[in-house]
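Structure below is entry-v6.tsv: TSV, C-alpha atoms.
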chain	number	residue	atom	x	y	z
A	1	MET	CA	112.92	64.64	130.80
A	2	LYS	CA	115.87	66.21	129.01
A	3	ASN	CA	114.34	65.36	125.64
A	4	HIS	CA	111.08	67.12	126.54
A	5	SER	CA	112.83	70.28	127.69
A	6	MET	CA	114.87	70.37	124.45
A	7	LYS	CA	111.65	70.06	122.41
A	8	PHE	CA	110.05	72.77	124.54
A	9	PHE	CA	112.95	75.19	124.03
A	10	ALA	CA	113.12	74.36	120.31
A	11	GLY	CA	109.39	75.10	120.05
A	12	ILE	CA	109.79	78.42	121.88
A	13	LEU	CA	112.71	79.38	119.63
A	14	LEU	CA	110.69	78.52	116.52
A	15	CYS	CA	107.77	80.65	117.77
A	16	ILE	CA	110.08	83.59	118.45
A	17	LEU	CA	111.63	83.36	114.99
A	18	ALA	CA	108.22	83.14	113.29
A	19	THR	CA	106.94	86.12	115.25
A	20	GLY	CA	110.05	88.13	114.41
A	21	CYS	CA	109.60	87.42	110.70
A	22	GLY	CA	105.99	88.57	110.89
A	23	TRP	CA	106.92	91.85	112.53
A	24	GLN	CA	109.68	92.40	109.99
A	25	LEU	CA	107.27	91.87	107.07
A	26	ARG	CA	104.58	94.05	108.65
A	27	GLY	CA	106.50	97.24	107.91
A	28	ASP	CA	107.86	96.12	104.55
A	29	LYS	CA	106.17	98.06	101.75
A	30	ASN	CA	107.13	98.78	98.20
A	31	HIS	CA	108.58	102.20	97.63
A	32	ALA	CA	107.39	104.49	94.87
A	33	VAL	CA	109.96	103.93	92.13
A	34	HIS	CA	108.32	105.77	89.23
A	35	ILE	CA	108.00	109.19	90.87
A	36	PRO	CA	111.32	111.06	90.83
A	37	ALA	CA	109.74	114.26	92.19
A	38	LEU	CA	106.30	115.27	93.44
A	39	THR	CA	104.69	118.50	94.53
A	40	ILE	CA	101.64	118.57	96.76
A	41	THR	CA	98.99	121.24	96.31
A	42	SER	CA	96.56	121.65	99.16
A	43	ASP	CA	94.43	124.36	100.72
A	44	ALA	CA	95.96	123.41	104.08
A	45	PRO	CA	99.68	122.82	103.48
A	46	TYR	CA	100.47	122.24	107.17
A	47	ASP	CA	97.67	119.89	108.20
A	48	LYS	CA	98.12	116.27	109.28
A	49	LEU	CA	97.73	114.84	105.77
A	50	SER	CA	100.31	117.20	104.25
A	51	ARG	CA	102.77	116.39	107.03
A	52	ALA	CA	102.15	112.65	106.56
A	53	LEU	CA	102.70	113.00	102.80
A	54	ASP	CA	105.97	114.87	103.41
A	55	GLN	CA	107.09	112.14	105.79
A	56	GLN	CA	106.19	109.35	103.34
A	57	MET	CA	107.95	111.17	100.50
A	58	GLU	CA	111.09	111.38	102.61
A	59	VAL	CA	110.91	107.68	103.50
A	60	GLN	CA	110.34	106.72	99.86
A	61	HIS	CA	113.09	109.07	98.58
A	62	ILE	CA	110.79	111.25	96.47
A	63	ALA	CA	112.15	114.73	95.86
A	64	LYS	CA	110.03	117.86	96.21
A	65	THR	CA	111.84	119.60	93.35
A	66	GLY	CA	113.64	118.51	90.21
A	67	SER	CA	112.86	117.31	86.72
A	68	SER	CA	109.82	115.18	85.90
A	69	ILE	CA	107.77	116.70	88.69
A	70	TRP	CA	104.37	115.15	89.26
A	71	ASN	CA	101.66	117.05	91.12
A	72	LEU	CA	99.24	115.63	93.69
A	73	ARG	CA	96.35	117.98	94.38
A	74	ILE	CA	94.34	117.46	97.57
A	75	LEU	CA	90.85	118.73	96.79
A	76	LYS	CA	89.05	117.82	100.01
A	77	GLU	CA	89.73	115.82	103.14
A	78	GLU	CA	87.17	114.79	105.72
A	79	MET	CA	87.63	112.90	108.98
A	80	LYS	CA	84.49	111.28	110.39
A	81	LYS	CA	83.81	109.54	113.68
A	82	ASN	CA	80.78	107.29	113.36
A	83	ILE	CA	79.08	105.17	116.00
A	84	VAL	CA	78.93	101.57	114.82
A	85	ALA	CA	77.49	99.76	117.87
A	86	PHE	CA	75.93	100.51	121.22
A	87	SER	CA	76.49	98.74	124.54
A	88	ASP	CA	73.73	97.23	126.64
A	89	THR	CA	73.60	100.50	128.65
A	90	ASN	CA	72.83	102.37	125.43
A	91	ASN	CA	76.26	104.06	125.35
A	92	PRO	CA	78.44	103.97	122.24
A	93	ALA	CA	80.57	100.82	122.32
A	94	THR	CA	82.29	100.79	118.93
A	95	TYR	CA	83.38	103.74	116.83
A	96	GLU	CA	84.60	103.97	113.26
A	97	LEU	CA	87.20	106.56	112.33
A	98	GLU	CA	87.04	107.28	108.60
A	99	LEU	CA	89.26	109.54	106.54
A	100	GLN	CA	88.12	110.38	103.01
A	101	VAL	CA	90.36	112.35	100.69
A	102	ARG	CA	89.34	113.63	97.28
A	103	PHE	CA	92.39	114.18	95.09
A	104	SER	CA	93.68	114.41	91.54
A	105	ALA	CA	97.13	114.05	89.99
A	106	SER	CA	98.91	115.45	86.97
A	107	ASN	CA	102.13	114.47	85.25
A	108	GLU	CA	105.15	116.59	84.40
A	109	LYS	CA	103.42	117.88	81.25
A	110	GLY	CA	100.47	119.15	83.29
A	111	ASP	CA	98.10	116.50	81.93
A	112	ILE	CA	95.60	115.21	84.49
A	113	VAL	CA	96.35	111.50	84.83
A	114	ILE	CA	94.10	110.81	87.81
A	115	ALA	CA	90.76	112.59	87.54
A	116	PRO	CA	89.24	113.70	90.83
A	117	ASN	CA	88.98	110.52	92.84
A	118	THR	CA	88.36	109.47	96.43
A	119	GLU	CA	90.56	107.37	98.72
A	120	ARG	CA	89.18	106.07	102.02
A	121	VAL	CA	90.85	104.62	105.14
A	122	VAL	CA	88.80	103.23	108.04
A	123	ARG	CA	89.67	102.04	111.55
A	124	LEU	CA	87.32	100.54	114.13
A	125	TYR	CA	87.86	100.75	117.86
A	126	GLU	CA	85.93	99.86	120.98
A	127	TYR	CA	85.40	102.64	123.47
A	128	ASN	CA	85.75	101.91	127.18
A	129	ASN	CA	84.20	104.48	129.54
A	130	ASN	CA	86.39	103.24	132.39
A	131	ARG	CA	89.60	104.24	130.56
A	132	ARG	CA	88.83	107.66	129.12
A	133	LEU	CA	92.36	109.04	129.10
A	134	ALA	CA	93.75	105.89	127.54
A	135	MET	CA	91.00	105.90	124.93
A	136	ASP	CA	91.80	109.49	123.97
A	137	ARG	CA	95.45	108.55	123.47
A	138	GLU	CA	94.44	105.45	121.50
A	139	THR	CA	92.21	107.61	119.28
A	140	ASP	CA	95.15	109.95	118.63
A	141	LEU	CA	97.36	107.00	117.69
A	142	LEU	CA	94.71	105.59	115.35
A	143	THR	CA	94.26	109.00	113.75
A	144	ASP	CA	98.01	109.29	113.10
A	145	GLU	CA	98.01	105.78	111.65
A	146	ILE	CA	95.07	106.64	109.38
A	147	TYR	CA	96.86	109.71	108.00
A	148	ASN	CA	100.10	107.76	107.44
A	149	GLU	CA	98.24	104.99	105.61
A	150	MET	CA	96.36	107.54	103.52
A	151	ALA	CA	99.62	109.23	102.52
A	152	ALA	CA	101.14	105.88	101.52
A	153	ASN	CA	98.00	104.94	99.55
A	154	LEU	CA	97.99	108.23	97.64
A	155	LEU	CA	101.66	107.87	96.74
A	156	HIS	CA	101.11	104.28	95.61
A	157	ARG	CA	98.25	105.35	93.36
A	158	VAL	CA	100.32	108.09	91.74
A	159	ASP	CA	103.28	105.70	91.44
A	160	PHE	CA	101.11	103.10	89.68
A	161	ILE	CA	99.99	105.65	87.07
A	162	ALA	CA	103.54	106.99	86.72
A	163	GLY	CA	104.71	103.43	85.94
A	164	GLN	CA	102.37	103.12	82.95
A	165	LYS	CA	103.94	103.44	79.49
A	166	ASN	CA	101.69	106.32	78.36
A	167	PRO	CA	100.23	108.04	81.41
Rewrite the structure of this file - the entire thing - as structure tokens.
Amino acid sequence: MKNHSMKFFAGILLCILATGCGWQLRGDKNHAVHIPALTITSDAPYDKLSRALDQQMEVQHIAKTGSSIWNLRILKEEMKKNIVAFSDTNNPATYELELQVRFSASNEKGDIVIAPNTERVVRLYEYNNNRRLAMDRETDLLTDEIYNEMAANLLHRVDFIAGQKNP
């Protein structure tokens, strides 16, 4: 009996450690190391994407001023909410939130190193008519997550080009 309980507790401990490692790795991302400074040019400098980019730049220790300034220009951003599936009562059951951003980037010399290009982030979620308030809050959380992922993706793309020998 004692041997079984020891195995049980050892198994539980192993599961907890494995889960903890997974959660630790989930948030572990490479920081942009080739961008010392970056300016963001956008028609809407205070929208969700600009705020998410500012937050990501702070987390990744990218200055907004200084020497070797790169420029990320946001040309267009579009958030879509598409119906993916219907329920048996002919109500929308699954939605797709999609953020598309058209952007370009230039180096410190002013040379365009990323021609106008599009980045896309998508999230699916199932809508439940019985939990409308909760679904609205979940949609807000997914939207924030989409903007944060888009900001990280844009910075990673600029960082990749900045790391090239002759951008």
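We find atom CA of A:Ala63 and atom CA of A:Ala152 to be spaced 15.2 Å apart.
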All residues 12 Å or closer to A:Ser50, only C-alpha atoms, same chain fewer than 3 positions away omitted, as a short mmCIF file (atom, residue, chain, number, x, y, z; two decimals) with C-alpha atoms, in the frame of the given file:
data_model
loop_
_atom_site.label_atom_id
_atom_site.label_comp_id
_atom_site.auth_asym_id
_atom_site.auth_seq_id
_atom_site.Cartn_x
_atom_site.Cartn_y
_atom_site.Cartn_z
CA THR A 39 104.69 118.50 94.53
CA ILE A 40 101.64 118.57 96.76
CA THR A 41 98.99 121.24 96.31
CA SER A 42 96.56 121.65 99.16
CA ASP A 43 94.43 124.36 100.72
CA ALA A 44 95.96 123.41 104.08
CA PRO A 45 99.68 122.82 103.48
CA TYR A 46 100.47 122.24 107.17
CA ASP A 47 97.67 119.89 108.20
CA LEU A 53 102.70 113.00 102.80
CA ASP A 54 105.97 114.87 103.41
CA GLN A 55 107.09 112.14 105.79
CA GLN A 56 106.19 109.35 103.34
CA MET A 57 107.95 111.17 100.50
CA LEU A 72 99.24 115.63 93.69
CA ARG A 73 96.35 117.98 94.38
CA ILE A 74 94.34 117.46 97.57
CA GLU A 77 89.73 115.82 103.14
CA VAL A 101 90.36 112.35 100.69
CA TYR A 147 96.86 109.71 108.00
CA ASN A 148 100.10 107.76 107.44
CA MET A 150 96.36 107.54 103.52
CA ALA A 151 99.62 109.23 102.52
CA ALA A 152 101.14 105.88 101.52
CA LEU A 154 97.99 108.23 97.64
#
A:Pro116: which residues within 9 Å, counting all atoms listed in the file, same-chain residues fewer than 4 positions away excluded, as a short mmCIF file (atom, residue, chain, number, x, y, z; two decimals) with C-alpha atoms, keeping the file's coordinate frame?
data_model
loop_
_atom_site.label_atom_id
_atom_site.label_comp_id
_atom_site.auth_asym_id
_atom_site.auth_seq_id
_atom_site.Cartn_x
_atom_site.Cartn_y
_atom_site.Cartn_z
CA LEU A 75 90.85 118.73 96.79
CA ARG A 102 89.34 113.63 97.28
CA PHE A 103 92.39 114.18 95.09
CA SER A 104 93.68 114.41 91.54
CA ALA A 105 97.13 114.05 89.99
#
Problem set entry | Contact residues around A:Leu142 with all atoms listed in the file at 10 Å, ignoring same-chain residues under 2 positions, as a PyMOL selection string | chain A and resi 97+122-125+136-140+144-148
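Here the question is which of A:Arg131, A:Glu126, A:Ser106, A:Gly66 gets nearest to A:Thr94 using all atoms listed in the file, and that residue is A:Glu126.
Note that atom CA of A:Ile83 and atom CA of A:Val121 are 16.0 Å apart.
Atom to atom, atom CA of A:Ala85 and atom CA of A:Thr118 stand 25.9 Å apart.
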Enclose all atoms of stretch 110-119 of chain A listed in the file in an axis-aligned box, grow every side by 4 Å, and hand back centre and edge lengths in Å to one decimal, as AutoDock Vina command-line options.
--center_x 94.4 --center_y 113.3 --center_z 90.3 --size_x 20.1 --size_y 19.8 --size_z 24.8
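Using only C-alpha atoms for every distance, the candidate list A:Thr19, A:Asn82, A:Asn71, A:Thr143 yields A:Asn71 as the residue closest to A:Ile112.
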For this session: Select, from A:Lys80, A:Asn107, A:Val158, A:His34, the residue with the minimum atom-to-atom distance to A:Arg120, counting all atoms listed in the file.
Result: A:Lys80
